[in-house]
Amino acid sequence: MITIQDIINDVSNVDETRLAEISDKLWKIGSLEEIKEKVSTDLFYLHIGINMIGVWKGEGWWGIICEQADFVPYIPMTLDKLNLPELKLAFENIIKLFPEYTVFKADDSAYYDIVNFLQSANLKVHDERLKGISLEKRREIVKQIHKSINILEDLTEPLWRDSSECGGWKLILDFIVQNK
């Protein structure tokens, strides 16, 4: 079992570049499930946190949800471990708007169909279950998704933007110190 201590010797040398190197090293293990099996719980959630913040910096929350679907099931616990209850609640409010049969899996046509359904009432979908939802109801869901994403972005911006403490990585650095 690989631990945070095995990967990080000196916390004072950890910056955004070092965090990316740590994540890249863990990705060499394999998929998220393979990483989860071979590393400690804290290191696994550190990996999720690094990727979550890194992707957010480039694509925002909708980018994470759409393009990094495999992370979605682990994000609430990661936000919990980073002591971010408001972000966790806001994130969970978005996920509640997804159909209950959603499987959060990247590169999956059924998942992308759901994302298209939620993103815009004008995007075509193929799933018969989604087609069975009225246009009026779909527009309301789309409106709720966009409103919820905006709330989550507003909560996240002060914490993770480049101009925030440690370039937005303070929570990750604190997590490393607490779990080393």
# chains A, B, ... in the order shown; residues from 1 in each chain; ligands from 1
call {"tool": "closest_atom_pairs", "arguments": {"of": "stretch 42-128 of chain A", "to": "stretch 3-10 of chain A", "cutoff": "12 Å", "atoms": "only C-alpha atoms", "output": "Markdown table"}}
result
| residue | atom | partner | partner_atom | distance |
| --- | --- | --- | --- | --- |
| A:Asp42 | CA | A:Ile4 | CA | 7.1 |
| A:Leu43 | CA | A:Ile4 | CA | 5.3 |
| A:Phe44 | CA | A:Thr3 | CA | 8.8 |
| A:Tyr45 | CA | A:Ile4 | CA | 10.3 |
| A:Leu46 | CA | A:Ile4 | CA | 8.3 |
| A:His47 | CA | A:Ile4 | CA | 10.0 |
call {"tool": "select_by_dssp", "arguments": {"residues": "chain A", "states": "alpha helix (DSSP H)", "output": "VMD selection string"}}
result
chain A and resid 4 to 7 16 to 27 32 to 38 41 to 67 75 to 81 85 to 95 109 to 119 128 to 131 135 to 160 170 to 179
call {"tool": "atom_distance", "arguments": {"atom1": "atom CA of A:Pro85", "atom2": "atom CA of A:Ile48"}}
result
16.5 Å
call {"tool": "residues_around", "arguments": {"residues": "stretch 131-133 of chain A", "least_positions_apart": "3", "cutoff": "12 Å", "atoms": "only C-alpha atoms", "output": "list in words"}}
result
Pro99, Asp113, Ile114, Asn116, Phe117, Leu118, Ala121, Leu123, Lys124, Val125, His126, Asp127, Glu128, Glu136, Lys137, Arg138, Arg139, Glu140 and Ile141 of chain A
call {"tool": "residues_around", "arguments": {"residues": "A:Lys38", "least_positions_apart": "6", "cutoff": "9 Å", "atoms": "only C-alpha atoms", "output": "PyMOL selection string"}}
result
chain A and resi 1-2+29+44
call {"tool": "write_last_selection", "arguments": {"atoms": "N, CA and C atoms", "output": "PDB file, in the first residue's frame"}}
result
ATOM      1  N   MET A   1       0.848  -1.172   0.000  1.00  0.00           N
ATOM      2  CA  MET A   1       0.000   0.000   0.000  1.00  0.00           C
ATOM      3  C   MET A   1       0.902   1.247   0.000  1.00  0.00           C
ATOM      4  N   ILE A   2       0.780   2.071  -1.011  1.00  0.00           N
ATOM      5  CA  ILE A   2       1.570   3.297  -1.112  1.00  0.00           C
ATOM      6  C   ILE A   2       0.873   4.391  -0.303  1.00  0.00           C
ATOM      7  N   ILE A  29      -0.090   3.777 -12.321  1.00  0.00           N
ATOM      8  CA  ILE A  29      -0.619   2.550 -11.710  1.00  0.00           C
ATOM      9  C   ILE A  29      -1.755   1.997 -12.562  1.00  0.00           C
ATOM     10  N   PHE A  44      -5.247   8.277  -2.004  1.00  0.00           N
ATOM     11  CA  PHE A  44      -6.259   8.226  -3.057  1.00  0.00           C
ATOM     12  C   PHE A  44      -7.047   9.542  -3.110  1.00  0.00           C
TER      13      PHE A  44
END
call {"tool": "closest_atom_pairs", "arguments": {"of": "stretch 47-79 of chain A", "to": "stretch 149-156 of chain A", "cutoff": "12 Å", "atoms": "only C-alpha atoms", "output": "Markdown table"}}
result
| residue | atom | partner | partner_atom | distance |
| --- | --- | --- | --- | --- |
| A:Met52 | CA | A:Thr156 | CA | 11.4 |
| A:Ile53 | CA | A:Thr156 | CA | 9.6 |
| A:Trp56 | CA | A:Thr156 | CA | 9.1 |
| A:Lys57 | CA | A:Thr156 | CA | 10.1 |
| A:Glu59 | CA | A:Glu153 | CA | 11.0 |
| A:Gly60 | CA | A:Glu153 | CA | 7.3 |
| A:Trp61 | CA | A:Glu153 | CA | 6.9 |
| A:Trp62 | CA | A:Ile149 | CA | 7.0 |
| A:Gly63 | CA | A:Ile149 | CA | 10.7 |
| A:Ile64 | CA | A:Ile149 | CA | 11.3 |
| A:Ile65 | CA | A:Ile149 | CA | 10.2 |
| A:Leu79 | CA | A:Thr156 | CA | 11.1 |
call {"tool": "residues_around", "arguments": {"residues": "A:Glu67", "least_positions_apart": "6", "cutoff": "10 Å", "atoms": "only C-alpha atoms", "output": "ChimeraX atom specification"}}
result
/A:55,59,61,105-107,112,115
call {"tool": "write_last_selection", "arguments": {"atoms": "C-alpha atoms", "output": "mmCIF file, in the first residue's frame"}}
result
data_model
loop_
_atom_site.group_PDB
_atom_site.id
_atom_site.type_symbol
_atom_site.label_atom_id
_atom_site.label_comp_id
_atom_site.auth_asym_id
_atom_site.auth_seq_id
_atom_site.Cartn_x
_atom_site.Cartn_y
_atom_site.Cartn_z
ATOM 1 C CA VAL A 55 -9.276 20.326 -13.946
ATOM 2 C CA GLU A 59 -12.493 23.798 -17.253
ATOM 3 C CA TRP A 61 -17.032 22.265 -12.466
ATOM 4 C CA LYS A 105 -18.375 6.872 -16.599
ATOM 5 C CA ALA A 106 -16.110 8.818 -18.935
ATOM 6 C CA ASP A 107 -16.193 8.028 -22.635
ATOM 7 C CA TYR A 112 -22.849 11.941 -22.734
ATOM 8 C CA VAL A 115 -24.963 15.451 -20.123
#
call {"tool": "closest_residue", "arguments": {"among": "A:Asp24, A:Glu86, A:Asp70, A:Glu16", "to": "A:Gly167", "atoms": "only C-alpha atoms"}}
result
A:Glu16
call {"tool": "atom_distance", "arguments": {"atom1": "atom CA of A:Trp169", "atom2": "atom CA of A:Glu33"}}
result
24.5 Å
call {"tool": "closest_residue", "arguments": {"among": "A:Cys166, A:Leu19, A:Ile145, A:Leu26", "to": "A:Lys96", "atoms": "only C-alpha atoms"}}
result
A:Ile145
call {"tool": "residues_around", "arguments": {"residues": "A:Ser12", "least_positions_apart": "4", "cutoff": "12 Å", "atoms": "only C-alpha atoms", "output": "tab-separated table (two decimals) with all heavy atoms, in the first residue's frame"}}
result
chain	number	residue	atom	x	y	z
A	8	ILE	N	5.82	11.78	-0.63
A	8	ILE	CA	6.22	13.15	-0.29
A	8	ILE	C	7.13	13.12	0.94
A	8	ILE	O	6.69	12.79	2.04
A	8	ILE	CB	4.99	14.03	-0.02
A	8	ILE	CG1	4.09	14.07	-1.25
A	8	ILE	CG2	5.43	15.45	0.37
A	8	ILE	CD1	2.76	14.73	-1.03
A	18	ARG	N	4.99	19.97	-8.48
A	18	ARG	CA	5.22	18.72	-7.73
A	18	ARG	C	3.92	17.93	-7.58
A	18	ARG	O	3.92	16.71	-7.68
A	18	ARG	CB	5.84	19.04	-6.36
A	18	ARG	CG	6.11	17.82	-5.51
A	18	ARG	CD	7.26	16.98	-6.05
A	18	ARG	NE	7.48	15.87	-5.13
A	18	ARG	CZ	7.28	14.59	-5.47
A	18	ARG	NH1	6.93	14.27	-6.69
A	18	ARG	NH2	7.47	13.65	-4.58
A	166	CYS	N	-1.45	30.19	-1.98
A	166	CYS	CA	-0.70	29.07	-2.58
A	166	CYS	C	-1.20	28.74	-3.98
A	166	CYS	O	-1.20	27.57	-4.40
A	166	CYS	CB	-0.72	27.85	-1.68
A	166	CYS	SG	0.00	28.11	-0.06
A	173	LEU	N	-2.29	21.32	0.21
A	173	LEU	CA	-1.06	21.33	1.02
A	173	LEU	C	-1.38	21.06	2.49
A	173	LEU	O	-0.66	20.31	3.16
A	173	LEU	CB	-0.33	22.66	0.83
A	173	LEU	CG	0.15	22.94	-0.60
A	173	LEU	CD1	0.72	24.33	-0.71
A	173	LEU	CD2	1.12	21.89	-1.08
A	174	ASP	N	-2.46	21.67	2.98
A	174	ASP	CA	-2.88	21.42	4.36
A	174	ASP	C	-3.25	19.95	4.57
A	174	ASP	O	-2.93	19.36	5.60
A	174	ASP	CB	-4.09	22.31	4.73
A	174	ASP	CG	-3.72	23.77	4.88
A	174	ASP	OD1	-2.51	24.11	4.93
A	174	ASP	OD2	-4.66	24.60	4.93
A	176	ILE	N	-2.04	17.40	2.98
A	176	ILE	CA	-0.80	16.63	3.01
A	176	ILE	C	-0.17	16.71	4.40
A	176	ILE	O	0.22	15.68	4.98
A	176	ILE	CB	0.19	17.13	1.93
A	176	ILE	CG1	-0.36	16.79	0.53
A	176	ILE	CG2	1.58	16.51	2.13
A	176	ILE	CD1	0.38	17.47	-0.60
A	177	VAL	N	-0.08	17.90	4.95
A	177	VAL	CA	0.52	18.09	6.27
A	177	VAL	C	-0.27	17.31	7.33
A	177	VAL	O	0.32	16.63	8.18
A	177	VAL	CB	0.59	19.59	6.64
A	177	VAL	CG1	0.95	19.79	8.10
A	177	VAL	CG2	1.57	20.31	5.74
